[in-house]
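Quick look at my_file-v4.json (JSON, C-alpha atoms):
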[["chain", "number", "residue", "atom", "x", "y", "z"],
["A", 1, "MET", "CA", -18.76, 49.80, -41.87],
["A", 2, "GLY", "CA", -15.23, 48.92, -40.89],
["A", 3, "ALA", "CA", -15.13, 51.98, -38.70],
["A", 4, "GLU", "CA", -18.32, 50.88, -36.93],
["A", 5, "ALA", "CA", -16.90, 47.45, -36.01],
["A", 6, "ALA", "CA", -13.68, 49.01, -34.76],
["A", 7, "ALA", "CA", -15.65, 51.42, -32.60],
["A", 8, "ASP", "CA", -17.41, 48.61, -30.74],
["A", 9, "PRO", "CA", -15.27, 45.44, -30.77],
["A", 10, "LYS", "CA", -17.07, 43.99, -27.72],
["A", 11, "ALA", "CA", -20.45, 44.06, -29.48],
["A", 12, "ALA", "CA", -18.90, 42.42, -32.55],
["A", 13, "LEU", "CA", -17.46, 39.61, -30.41],
["A", 14, "GLU", "CA", -20.81, 39.03, -28.73],
["A", 15, "ARG", "CA", -22.51, 38.79, -32.11],
["A", 16, "ARG", "CA", -20.05, 36.10, -33.23],
["A", 17, "LEU", "CA", -19.91, 34.23, -29.92],
["A", 18, "GLY", "CA", -23.35, 34.48, -28.33],
["A", 19, "ARG", "CA", -23.67, 34.48, -24.57],
["A", 20, "ARG", "CA", -25.39, 31.07, -24.73],
["A", 21, "ASP", "CA", -22.44, 29.59, -26.65],
["A", 22, "LEU", "CA", -20.05, 30.92, -24.06],
["A", 23, "LEU", "CA", -22.09, 29.45, -21.21],
["A", 24, "ALA", "CA", -22.41, 26.08, -23.00],
["A", 25, "GLY", "CA", -18.65, 26.06, -23.52],
["A", 26, "VAL", "CA", -17.92, 26.70, -19.87],
["A", 27, "VAL", "CA", -20.36, 24.00, -18.73],
["A", 28, "GLY", "CA", -18.94, 21.57, -21.28],
["A", 29, "VAL", "CA", -15.36, 22.06, -20.14],
["A", 30, "ALA", "CA", -16.39, 21.75, -16.48],
["A", 31, "THR", "CA", -18.22, 18.47, -17.17],
["A", 32, "LEU", "CA", -15.24, 17.08, -19.05],
["A", 33, "VAL", "CA", -12.94, 17.87, -16.13],
["A", 34, "MET", "CA", -15.33, 16.30, -13.61],
["A", 35, "VAL", "CA", -16.05, 13.00, -15.37],
["A", 36, "ARG", "CA", -12.53, 12.36, -16.65],
["A", 37, "PRO", "CA", -11.28, 10.19, -13.70],
["A", 38, "ALA", "CA", -14.29, 7.87, -13.88],
["A", 39, "VAL", "CA", -13.97, 7.07, -17.58],
["A", 40, "ALA", "CA", -11.06, 4.65, -17.35],
["A", 41, "ARG", "CA", -12.49, 2.03, -14.98],
["A", 42, "PRO", "CA", -14.70, -0.92, -15.95],
["A", 43, "SER", "CA", -18.05, -1.31, -14.19],
["A", 44, "LEU", "CA", -18.42, -3.61, -11.19],
["A", 45, "ASP", "CA", -20.29, -6.18, -13.30],
["A", 46, "ALA", "CA", -17.56, -6.12, -15.96],
["A", 47, "ALA", "CA", -14.84, -6.68, -13.34],
["A", 48, "VAL", "CA", -16.77, -9.57, -11.77],
["A", 49, "ALA", "CA", -17.37, -11.13, -15.21],
["A", 50, "LEU", "CA", -13.66, -10.84, -16.03],
["A", 51, "PHE", "CA", -12.74, -12.68, -12.81],
["A", 52, "ALA", "CA", -15.37, -15.39, -13.45],
["A", 53, "GLY", "CA", -14.11, -15.83, -17.02],
["A", 54, "GLY", "CA", -17.47, -16.81, -18.49],
["A", 55, "ARG", "CA", -18.55, -19.05, -15.63],
["A", 56, "GLU", "CA", -21.75, -18.43, -13.72],
["A", 57, "VAL", "CA", -21.36, -16.41, -10.51],
["A", 58, "GLN", "CA", -23.53, -17.95, -7.81],
["A", 59, "PRO", "CA", -24.48, -16.17, -4.59],
["A", 60, "GLY", "CA", -23.52, -17.99, -1.37],
["A", 61, "ARG", "CA", -20.70, -19.89, 0.35],
["A", 62, "VAL", "CA", -18.79, -16.63, 0.88],
["A", 63, "ARG", "CA", -19.11, -14.84, 4.21],
["A", 64, "PHE", "CA", -18.14, -11.22, 3.81],
["A", 65, "ASP", "CA", -17.67, -9.12, 6.95],
["A", 66, "ILE", "CA", -17.49, -5.39, 6.32],
["A", 67, "PRO", "CA", -19.08, -2.69, 8.47],
["A", 68, "PRO", "CA", -22.30, -1.32, 6.90],
["A", 69, "LEU", "CA", -21.51, 2.21, 8.11],
["A", 70, "VAL", "CA", -17.95, 3.51, 7.97],
["A", 71, "GLU", "CA", -16.74, 6.81, 9.36],
["A", 72, "ASN", "CA", -13.33, 6.81, 7.67],
["A", 73, "GLY", "CA", -13.03, 5.35, 4.18],
["A", 74, "ASN", "CA", -9.23, 5.37, 4.36],
["A", 75, "ALA", "CA", -9.06, 2.10, 6.30],
["A", 76, "VAL", "CA", -12.03, -0.23, 6.36],
["A", 77, "GLY", "CA", -11.49, -3.66, 7.91],
["A", 78, "VAL", "CA", -12.80, -6.52, 5.78],
["A", 79, "ALA", "CA", -12.84, -10.24, 6.52],
["A", 80, "ILE", "CA", -13.77, -12.92, 4.01],
["A", 81, "SER", "CA", -14.36, -16.54, 4.86],
["A", 82, "VAL", "CA", -15.43, -19.19, 2.40],
["A", 83, "ASP", "CA", -17.33, -22.34, 3.24],
["A", 84, "SER", "CA", -14.91, -25.01, 2.00],
["A", 85, "PRO", "CA", -13.24, -28.12, 3.49],
["A", 86, "MET", "CA", -9.88, -26.92, 2.04],
["A", 87, "THR", "CA", -8.71, -30.40, 1.05],
["A", 88, "GLU", "CA", -6.58, -31.32, -1.96],
["A", 89, "ALA", "CA", -9.75, -32.29, -3.85],
["A", 90, "ASP", "CA", -11.97, -29.39, -2.81],
["A", 91, "HIS", "CA", -10.45, -26.05, -1.90],
["A", 92, "VAL", "CA", -10.60, -22.34, -2.63],
["A", 93, "LYS", "CA", -8.13, -21.24, -5.28],
["A", 94, "ARG", "CA", -8.67, -17.50, -5.43],
["A", 95, "VAL", "CA", -10.51, -14.85, -3.44],
["A", 96, "ALA", "CA", -11.04, -11.40, -4.96],
["A", 97, "LEU", "CA", -12.51, -8.10, -3.85],
["A", 98, "PHE", "CA", -14.14, -5.64, -6.24],
["A", 99, "ASN", "CA", -15.82, -2.29, -5.71],
["A", 100, "GLU", "CA", -18.36, -0.18, -7.54],
["A", 101, "LYS", "CA", -17.18, 3.44, -7.34],
["A", 102, "ASN", "CA", -13.46, 3.68, -6.51],
["A", 103, "PRO", "CA", -11.19, 4.93, -9.35],
["A", 104, "GLN", "CA", -10.21, 1.29, -9.97],
["A", 105, "ALA", "CA", -12.52, -1.75, -9.70],
["A", 106, "ASP", "CA", -9.90, -4.22, -8.38],
["A", 107, "MET", "CA", -9.08, -4.12, -4.69],
["A", 108, "ALA", "CA", -7.20, -7.31, -3.89],
["A", 109, "LEU", "CA", -6.67, -10.84, -5.19],
["A", 110, "PHE", "CA", -5.62, -13.63, -2.82],
["A", 111, "HIS", "CA", -4.26, -17.01, -3.89],
["A", 112, "LEU", "CA", -5.06, -19.84, -1.47],
["A", 113, "GLY", "CA", -4.68, -23.57, -1.53],
["A", 114, "PRO", "CA", -5.17, -26.71, 0.55],
["A", 115, "ARG", "CA", -2.25, -25.63, 2.76],
["A", 116, "ALA", "CA", -4.30, -22.70, 4.06],
["A", 117, "GLY", "CA", -6.35, -25.06, 6.26],
["A", 118, "ARG", "CA", -9.22, -22.60, 6.48],
["A", 119, "ALA", "CA", -10.38, -20.19, 3.79],
["A", 120, "THR", "CA", -10.23, -16.96, 5.74],
["A", 121, "VAL", "CA", -8.52, -13.73, 4.74],
["A", 122, "SER", "CA", -8.70, -10.27, 6.20],
["A", 123, "THR", "CA", -7.24, -6.91, 5.26],
["A", 124, "ARG", "CA", -8.05, -3.20, 5.26],
["A", 125, "VAL", "CA", -9.32, -1.34, 2.20],
["A", 126, "ARG", "CA", -10.01, 2.19, 1.02],
["A", 127, "LEU", "CA", -13.47, 3.30, -0.08],
["A", 128, "ALA", "CA", -13.83, 6.52, -2.07],
["A", 129, "THR", "CA", -17.56, 6.83, -1.43],
["A", 130, "SER", "CA", -20.67, 4.90, -0.32],
["A", 131, "GLN", "CA", -20.92, 1.92, -2.62],
["A", 132, "THR", "CA", -21.32, -1.82, -3.15],
["A", 133, "VAL", "CA", -18.34, -4.10, -2.51],
["A", 134, "VAL", "CA", -18.25, -7.67, -3.82],
["A", 135, "ALA", "CA", -16.20, -10.62, -2.56],
["A", 136, "LEU", "CA", -15.74, -13.55, -4.95],
["A", 137, "ALA", "CA", -14.29, -17.01, -4.42],
["A", 138, "GLU", "CA", -13.13, -19.41, -7.12],
["A", 139, "MET", "CA", -13.14, -23.08, -6.08],
["A", 140, "SER", "CA", -10.88, -25.87, -7.27],
["A", 141, "ASP", "CA", -13.82, -27.34, -9.24],
["A", 142, "GLY", "CA", -14.09, -24.05, -11.16],
["A", 143, "SER", "CA", -17.30, -22.73, -9.62],
["A", 144, "VAL", "CA", -17.44, -19.07, -8.62],
["A", 145, "TRP", "CA", -19.33, -17.86, -5.54],
["A", 146, "SER", "CA", -20.02, -14.33, -4.42],
["A", 147, "SER", "CA", -21.25, -12.14, -1.63],
["A", 148, "SER", "CA", -21.86, -8.41, -1.81],
["A", 149, "ALA", "CA", -22.27, -5.68, 0.78],
["A", 150, "ASN", "CA", -23.44, -2.09, 0.72],
["A", 151, "VAL", "CA", -21.26, 0.29, 2.68],
["A", 152, "VAL", "CA", -22.11, 3.85, 3.65],
["A", 153, "VAL", "CA", -19.00, 6.02, 3.98],
["A", 154, "THR", "CA", -19.18, 9.35, 5.81],
["A", 155, "LEU", "CA", -15.55, 10.47, 5.30],
["A", 156, "ALA", "CA", -14.28, 9.32, 1.93],
["A", 157, "ALA", "CA", -10.78, 8.14, 1.11],
["A", 158, "CYS", "CA", -8.78, 10.36, -1.27],
["A", 159, "ILE", "CA", -10.58, 13.46, 0.10],
["A", 160, "GLU", "CA", -7.23, 15.29, -0.08],
["A", 161, "ASP", "CA", -7.76, 15.55, -3.85],
["A", 162, "LEU", "CA", -10.51, 18.08, -3.38],
["A", 163, "LEU", "CA", -8.44, 20.55, -1.36],
["D", 1, "MET", "CA", 9.96, -0.50, 5.04],
["D", 2, "ARG", "CA", 9.37, -2.03, 8.46],
["D", 3, "SER", "CA", 7.17, -5.04, 8.93],
["D", 4, "ILE", "CA", 5.54, -6.95, 11.76],
["D", 5, "VAL", "CA", 4.44, -10.57, 11.56],
["D", 6, "ASN", "CA", 2.51, -12.45, 14.20],
["D", 7, "VAL", "CA", 3.01, -16.22, 14.01],
["D", 8, "PRO", "CA", 2.48, -18.61, 16.96],
["D", 9, "LYS", "CA", 5.81, -19.94, 18.32],
["D", 10, "THR", "CA", 4.54, -23.48, 18.72],
["D", 11, "ALA", "CA", 1.66, -25.46, 17.24],
["D", 12, "ARG", "CA", 0.45, -29.04, 17.15],
["D", 13, "ALA", "CA", 0.97, -30.92, 13.90],
["D", 14, "GLY", "CA", -1.96, -30.34, 11.56],
["D", 15, "GLU", "CA", -3.22, -27.34, 13.52],
["D", 16, "VAL", "CA", -4.55, -24.38, 11.53],
["D", 17, "ILE", "CA", -2.60, -21.33, 12.65],
["D", 18, "GLU", "CA", -3.53, -17.71, 12.08],
["D", 19, "ILE", "CA", -0.88, -15.38, 10.71],
["D", 20, "LYS", "CA", -1.13, -11.60, 10.84],
["D", 21, "THR", "CA", 1.23, -9.41, 8.84],
["D", 22, "MET", "CA", 1.62, -5.67, 8.52],
["D", 23, "ILE", "CA", 4.16, -3.49, 6.75],
["D", 24, "ALA", "CA", 4.81, 0.25, 6.97],
["D", 25, "HIS", "CA", 4.14, 1.60, 3.47],
["D", 26, "PRO", "CA", 2.31, 4.73, 2.22],
["D", 27, "MET", "CA", 0.45, 2.80, -0.55],
["D", 28, "GLU", "CA", 0.33, 5.96, -2.69],
["D", 29, "THR", "CA", -2.60, 5.43, -5.06],
["D", 30, "GLY", "CA", -1.47, 7.51, -8.04],
["D", 31, "TYR", "CA", -4.85, 9.26, -8.05],
["D", 32, "ARG", "CA", -3.91, 12.09, -5.69],
["D", 33, "THR", "CA", -2.58, 15.48, -6.72],
["D", 34, "GLY", "CA", 0.08, 17.32, -4.75],
["D", 35, "THR", "CA", 0.09, 20.97, -3.74],
["D", 36, "ASN", "CA", 1.76, 21.91, -7.06],
["D", 37, "GLY", "CA", -1.11, 20.35, -9.02],
["D", 38, "ALA", "CA", 0.96, 17.45, -10.33],
["D", 39, "THR", "CA", -0.20, 13.88, -9.82],
["D", 40, "ILE", "CA", 1.72, 12.02, -7.11],
["D", 41, "PRO", "CA", 3.13, 8.89, -8.79],
["D", 42, "ARG", "CA", 1.73, 5.52, -7.76],
["D", 43, "ASN", "CA", 3.78, 3.52, -5.28],
["D", 44, "ILE", "CA", 2.02, 0.57, -3.72],
["D", 45, "ILE", "CA", 2.89, -2.91, -2.50],
["D", 46, "SER", "CA", 1.58, -4.92, -5.41],
["D", 47, "ARG", "CA", 2.63, -8.41, -4.36],
["D", 48, "PHE", "CA", 2.84, -10.36, -1.11],
["D", 49, "VAL", "CA", 4.03, -13.96, -0.83],
["D", 50, "CYS", "CA", 4.25, -16.30, 2.17],
["D", 51, "THR", "CA", 6.34, -19.45, 1.86],
["D", 52, "TYR", "CA", 6.60, -22.31, 4.39],
["D", 53, "ASP", "CA", 9.99, -24.03, 4.14],
["D", 54, "GLY", "CA", 10.28, -22.81, 0.56],
["D", 55, "GLU", "CA", 6.80, -23.84, -0.56],
["D", 56, "GLU", "CA", 4.32, -21.08, -1.34],
["D", 57, "VAL", "CA", 1.26, -21.33, 0.91],
["D", 58, "PHE", "CA", -0.36, -17.93, 0.35],
["D", 59, "SER", "CA", 0.06, -14.96, -1.96],
["D", 60, "ALA", "CA", -1.78, -11.75, -2.72],
["D", 61, "GLU", "CA", -1.94, -9.15, -5.45],
["D", 62, "LEU", "CA", -2.80, -5.75, -4.06],
["D", 63, "PHE", "CA", -4.26, -2.69, -5.78],
["D", 64, "PRO", "CA", -4.43, 1.01, -4.77],
["D", 65, "ALA", "CA", -7.68, 0.29, -2.89],
["D", 66, "ILE", "CA", -5.70, -1.34, -0.08],
["D", 67, "ALA", "CA", -5.20, 1.01, 2.87],
["D", 68, "ALA", "CA", -1.80, 2.44, 3.82],
["D", 69, "ASN", "CA", 0.35, 0.14, 5.99],
["D", 70, "PRO", "CA", -1.31, -2.94, 4.51],
["D", 71, "LEU", "CA", -2.48, -5.56, 6.96],
["D", 72, "ILE", "CA", -3.01, -9.09, 5.67],
["D", 73, "ALA", "CA", -4.23, -11.90, 7.90],
["D", 74, "PHE", "CA", -4.60, -15.49, 6.72],
["D", 75, "THR", "CA", -4.22, -19.07, 7.91],
["D", 76, "THR", "CA", -1.99, -22.03, 7.19],
["D", 77, "VAL", "CA", -1.60, -25.59, 8.45],
["D", 78, "ALA", "CA", 1.38, -26.20, 10.77],
["D", 79, "VAL", "CA", 2.90, -29.24, 9.04],
["D", 80, "GLN", "CA", 6.47, -29.30, 10.39],
["D", 81, "THR", "CA", 8.99, -27.32, 12.40],
["D", 82, "GLY", "CA", 10.37, -24.77, 9.99],
["D", 83, "THR", "CA", 10.61, -21.24, 8.69],
["D", 84, "LEU", "CA", 7.88, -19.03, 7.32],
["D", 85, "THR", "CA", 9.15, -16.37, 4.92],
["D", 86, "PHE", "CA", 7.16, -13.26, 4.09],
["D", 87, "ALA", "CA", 8.00, -11.04, 1.11],
["D", 88, "TRP", "CA", 6.39, -7.77, 0.08],
["D", 89, "THR", "CA", 7.27, -6.14, -3.27],
["D", 90, "ASP", "CA", 6.36, -2.56, -4.17],
["D", 91, "ASP", "CA", 6.19, -0.62, -7.46],
["D", 92, "SER", "CA", 9.78, 0.60, -7.14],
["D", 93, "GLY", "CA", 10.89, -3.06, -7.13],
["D", 94, "ALA", "CA", 12.02, -2.98, -3.50],
["D", 95, "THR", "CA", 11.33, -6.19, -1.60],
["D", 96, "GLU", "CA", 11.08, -6.50, 2.16],
["D", 97, "THR", "CA", 11.56, -9.99, 3.55],
["D", 98, "THR", "CA", 10.86, -11.22, 7.09],
["D", 99, "THR", "CA", 11.05, -14.69, 8.52],
["D", 100, "ALA", "CA", 9.42, -16.40, 11.49],
["D", 101, "GLU", "CA", 10.26, -19.74, 13.06],
["D", 102, "ILE", "CA", 7.59, -22.20, 14.12],
["D", 103, "THR", "CA", 8.05, -25.30, 16.26],
["D", 104, "VAL", "CA", 5.61, -28.12, 15.63],
["D", 105, "ILE", "CA", 5.12, -30.43, 18.61]]
Go through the file and emit its structure as structure tokens.
Amino acid sequence: MGAEAAADPKAALERRLGRRDLLAGVVGVATLVMVRPAVARPSLDAAVALFAGGREVQPGRVRFDIPPLVENGNAVGVAISVDSPMTEADHVKRVALFNEKNPQADMALFHLGPRAGRATVSTRVRLATSQTVVALAEMSDGSVWSSSANVVVTLAACIEDLL
Amino acid sequence: MRSIVNVPKTARAGEVIEIKTMIAHPMETGYRTGTNGATIPRNIISRFVCTYDGEEVFSAELFPAIAANPLIAFTTVAVQTGTLTFAWTDDSGATETTTAEITVI
């Protein structure tokens, strides 16, 4: 019997490790490698809830300008303006930007105050793929307002990773 | 790091002025891999502060999702003739500071 196994080691290996097992193993490893970068980040809703800190997030008061169709995700111009008188008694304290599908949910956090005069901020962001982007504003009275936008990206940021 | 700030030279008292700032920085995300397969370490501007005669009027915390050469535009009220100071700090701890004078008439 020993002589038989030695004569055909390939057949013996196949008996122990069936072709299906091998295929399942390869697929499993490939899936692990593909999903690994996405595991670490919290979802968009979780990031928004963390910013709101238990308070209700109400839609409105935030005007969020971001192009709906973007050719290059490496630099997307965004402008946020919040409807607020910006006085000592009633002003915007914080403005935040969150995304749905980048490797990290946070994008930027701006601290404003009555000395800003107007609650407007603009910057340029990176978008890894077509996704939803949310702008949030926290007022001096503690209320949190939001506005979201869907952006279609044709050339994603971080594309160099795939080369 | 080189930076550009755009602040009006003169303003009326109480006028809301628009300030545009930009700094040359790669904003390396830490998610990219180099040609040797190793991850390129993160190096981004994580903090930006604007002070008006020593008092903070605007600040920002930035994350890797901000594009290279970060541009930040915001507003402030011209209260008095003075100096606006802009400071950017990156992950390596390096800080770039620029100032701009404004005359309030």
Exercise for the section: Give me the residues within 7 Å of stretch 101-113 of chain A as a list of chain:residue names, counting only C-alpha atoms and dropping any in the same chain fewer than 3 places off. Expected result: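 Answer for this query is A:Pro37, A:Ala38, A:Arg41, A:Pro42, A:Leu44, A:Ala47, A:His91, A:Val92, A:Lys93, A:Arg94, A:Val95, A:Ala96, A:Leu97, A:Phe98, A:Ala116, A:Leu127, A:Ala128, A:Thr129, A:Gln131, D:Val57, D:Phe58, D:Ser59, D:Ala60, D:Glu61, D:Leu62, D:Phe63, D:Pro64, D:Ala65, D:Ile66.
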Take the residues that were just selected and, keeping C-alpha atoms, output them as a JSON list (two decimals), keeping the file's coordinate frame.
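Output file part35.json is given in full below:
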[["chain", "number", "residue", "atom", "x", "y", "z"],
["A", 37, "PRO", "CA", -11.28, 10.19, -13.70],
["A", 38, "ALA", "CA", -14.29, 7.87, -13.88],
["A", 41, "ARG", "CA", -12.49, 2.03, -14.98],
["A", 42, "PRO", "CA", -14.70, -0.92, -15.95],
["A", 44, "LEU", "CA", -18.42, -3.61, -11.19],
["A", 47, "ALA", "CA", -14.84, -6.68, -13.34],
["A", 91, "HIS", "CA", -10.45, -26.05, -1.90],
["A", 92, "VAL", "CA", -10.60, -22.34, -2.63],
["A", 93, "LYS", "CA", -8.13, -21.24, -5.28],
["A", 94, "ARG", "CA", -8.67, -17.50, -5.43],
["A", 95, "VAL", "CA", -10.51, -14.85, -3.44],
["A", 96, "ALA", "CA", -11.04, -11.40, -4.96],
["A", 97, "LEU", "CA", -12.51, -8.10, -3.85],
["A", 98, "PHE", "CA", -14.14, -5.64, -6.24],
["A", 116, "ALA", "CA", -4.30, -22.70, 4.06],
["A", 127, "LEU", "CA", -13.47, 3.30, -0.08],
["A", 128, "ALA", "CA", -13.83, 6.52, -2.07],
["A", 129, "THR", "CA", -17.56, 6.83, -1.43],
["A", 131, "GLN", "CA", -20.92, 1.92, -2.62],
["D", 57, "VAL", "CA", 1.26, -21.33, 0.91],
["D", 58, "PHE", "CA", -0.36, -17.93, 0.35],
["D", 59, "SER", "CA", 0.06, -14.96, -1.96],
["D", 60, "ALA", "CA", -1.78, -11.75, -2.72],
["D", 61, "GLU", "CA", -1.94, -9.15, -5.45],
["D", 62, "LEU", "CA", -2.80, -5.75, -4.06],
["D", 63, "PHE", "CA", -4.26, -2.69, -5.78],
["D", 64, "PRO", "CA", -4.43, 1.01, -4.77],
["D", 65, "ALA", "CA", -7.68, 0.29, -2.89],
["D", 66, "ILE", "CA", -5.70, -1.34, -0.08]]
Handout entry: Residue neighbourhood A:Arg118, 8 Å, all atoms listed in the file, exclusion window fewer than 6 positions, as a PyMOL selection string
Key = (chain A and resi 84-86) or (chain D and resi 16+75-76)
Fill in the blank from the handout: For chain D, the closest of A:Ile66, A:Ala119, A:Ala49, A:Ala149 counting only C-alpha atoms is A:Ala119
Practice task
Enter the distance from atom CA of A:Ala137 to atom CA of A:Glu100, in Å, rounded to one decimal.
Solution key: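 Between atom CA of A:Ala137 and atom CA of A:Glu100 the gap works out to 17.6 Å.
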Exercise for the section: Identify all chain D residues at most 10 Å from chain A by counting all atoms listed in the file; ligands do not count. Present them as number ranges by chain. Expected result: D: 14-22, 29, 31-35, 37, 39, 46-49, 52, 55-79
Practice task
For each of D:Thr10, D:Thr103, D:Ser92, D:Gln80, take the minimum atom-to-atom distance to D:Met27, counting only C-alpha atoms, then give the residue where this is smallest.
Solution key: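 Checking each candidate against D:Met27, we get D:Ser92 as the closest.
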Practice task
Please identify all polymer residues within 8 Å of stretch 93-101 of chain D, counting all atoms listed in the file, omitting same-chain residues fewer than 6 positions from it, and present them as a PyMOL selection string.
Solution key: chain D and resi 1-3+5+7+9+81-87
Go ahead and write the residues just picked, C-alpha atoms, as a short mmCIF file (atom, residue, chain, number, x, y, z; two decimals), keeping the file's coordinate frame.
data_model
loop_
_atom_site.label_atom_id
_atom_site.label_comp_id
_atom_site.auth_asym_id
_atom_site.auth_seq_id
_atom_site.Cartn_x
_atom_site.Cartn_y
_atom_site.Cartn_z
CA MET D 1 9.96 -0.50 5.04
CA ARG D 2 9.37 -2.03 8.46
CA SER D 3 7.17 -5.04 8.93
CA VAL D 5 4.44 -10.57 11.56
CA VAL D 7 3.01 -16.22 14.01
CA LYS D 9 5.81 -19.94 18.32
CA THR D 81 8.99 -27.32 12.40
CA GLY D 82 10.37 -24.77 9.99
CA THR D 83 10.61 -21.24 8.69
CA LEU D 84 7.88 -19.03 7.32
CA THR D 85 9.15 -16.37 4.92
CA PHE D 86 7.16 -13.26 4.09
CA ALA D 87 8.00 -11.04 1.11
#
Exercise for the section: Can you work out the spacing between atom CA of A:Ser147 and atom CA of A:Val78 in Å, to one decimal? Expected result: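 Taking atom CA of A:Ser147 as the start and atom CA of A:Val78 as the end point, the length is 12.6 Å.
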Practice task
Record the distance separating atom CA of A:Gln58 and atom CA of A:Val70, expressed in Å with one decimal.
Solution key: 27.2 Å
How would stretch 3-52 of chain D look written as a tab-separated table (two decimals), in the first residue's frame with C-alpha atoms?
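Saved result, decode-v3.tsv, follows:
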chain	number	residue	atom	x	y	z
D	3	SER	CA	1.51	79.10	0.99
D	4	ILE	CA	-0.66	81.77	-0.58
D	5	VAL	CA	-3.25	83.82	1.28
D	6	ASN	CA	-5.68	86.24	-0.27
D	7	VAL	CA	-6.91	88.90	2.18
D	8	PRO	CA	-8.30	92.31	1.14
D	9	LYS	CA	-5.83	95.14	1.92
D	10	THR	CA	-8.51	97.47	3.23
D	11	ALA	CA	-12.03	97.00	4.55
D	12	ARG	CA	-14.70	99.06	6.27
D	13	ALA	CA	-15.22	98.41	9.97
D	14	GLY	CA	-17.70	95.58	10.47
D	15	GLU	CA	-17.41	94.39	6.88
D	16	VAL	CA	-17.40	90.63	6.28
D	17	ILE	CA	-14.25	89.84	4.32
D	18	GLU	CA	-13.52	86.67	2.40
D	19	ILE	CA	-10.18	84.97	2.96
D	20	LYS	CA	-8.73	82.36	0.63
D	21	THR	CA	-5.75	80.26	1.65
D	22	MET	CA	-3.77	77.57	-0.11
D	23	ILE	CA	-0.62	75.68	0.80
D	24	ALA	CA	1.63	73.42	-1.28
D	25	HIS	CA	1.46	70.00	0.39
D	26	PRO	CA	1.13	66.46	-1.03
D	27	MET	CA	-1.52	65.42	1.57
D	28	GLU	CA	-0.33	61.80	1.36
D	29	THR	CA	-3.31	59.73	2.52
D	30	GLY	CA	-1.53	56.69	3.96
D	31	TYR	CA	-3.78	54.43	1.88
D	32	ARG	CA	-1.58	54.29	-1.22
D	33	THR	CA	1.06	51.68	-1.93
D	34	GLY	CA	4.35	52.49	-3.62
D	35	THR	CA	6.02	50.62	-6.46
D	36	ASN	CA	7.77	48.32	-3.95
D	37	GLY	CA	4.41	47.24	-2.49
D	38	ALA	CA	4.93	49.04	0.81
D	39	THR	CA	2.34	51.50	2.09
D	40	ILE	CA	3.37	55.14	1.70
D	41	PRO	CA	3.17	56.65	5.21
D	42	ARG	CA	0.48	59.23	5.89
D	43	ASN	CA	1.56	62.87	5.81
D	44	ILE	CA	-1.25	65.39	5.75
D	45	ILE	CA	-1.94	68.87	7.07
D	46	SER	CA	-4.13	67.97	10.01
D	47	ARG	CA	-4.69	71.40	11.53
D	48	PHE	CA	-5.20	74.93	10.25
D	49	VAL	CA	-5.71	77.98	12.46
D	50	CYS	CA	-6.40	81.62	11.59
D	51	THR	CA	-5.93	84.26	14.29
D	52	TYR	CA	-6.83	87.96	14.07
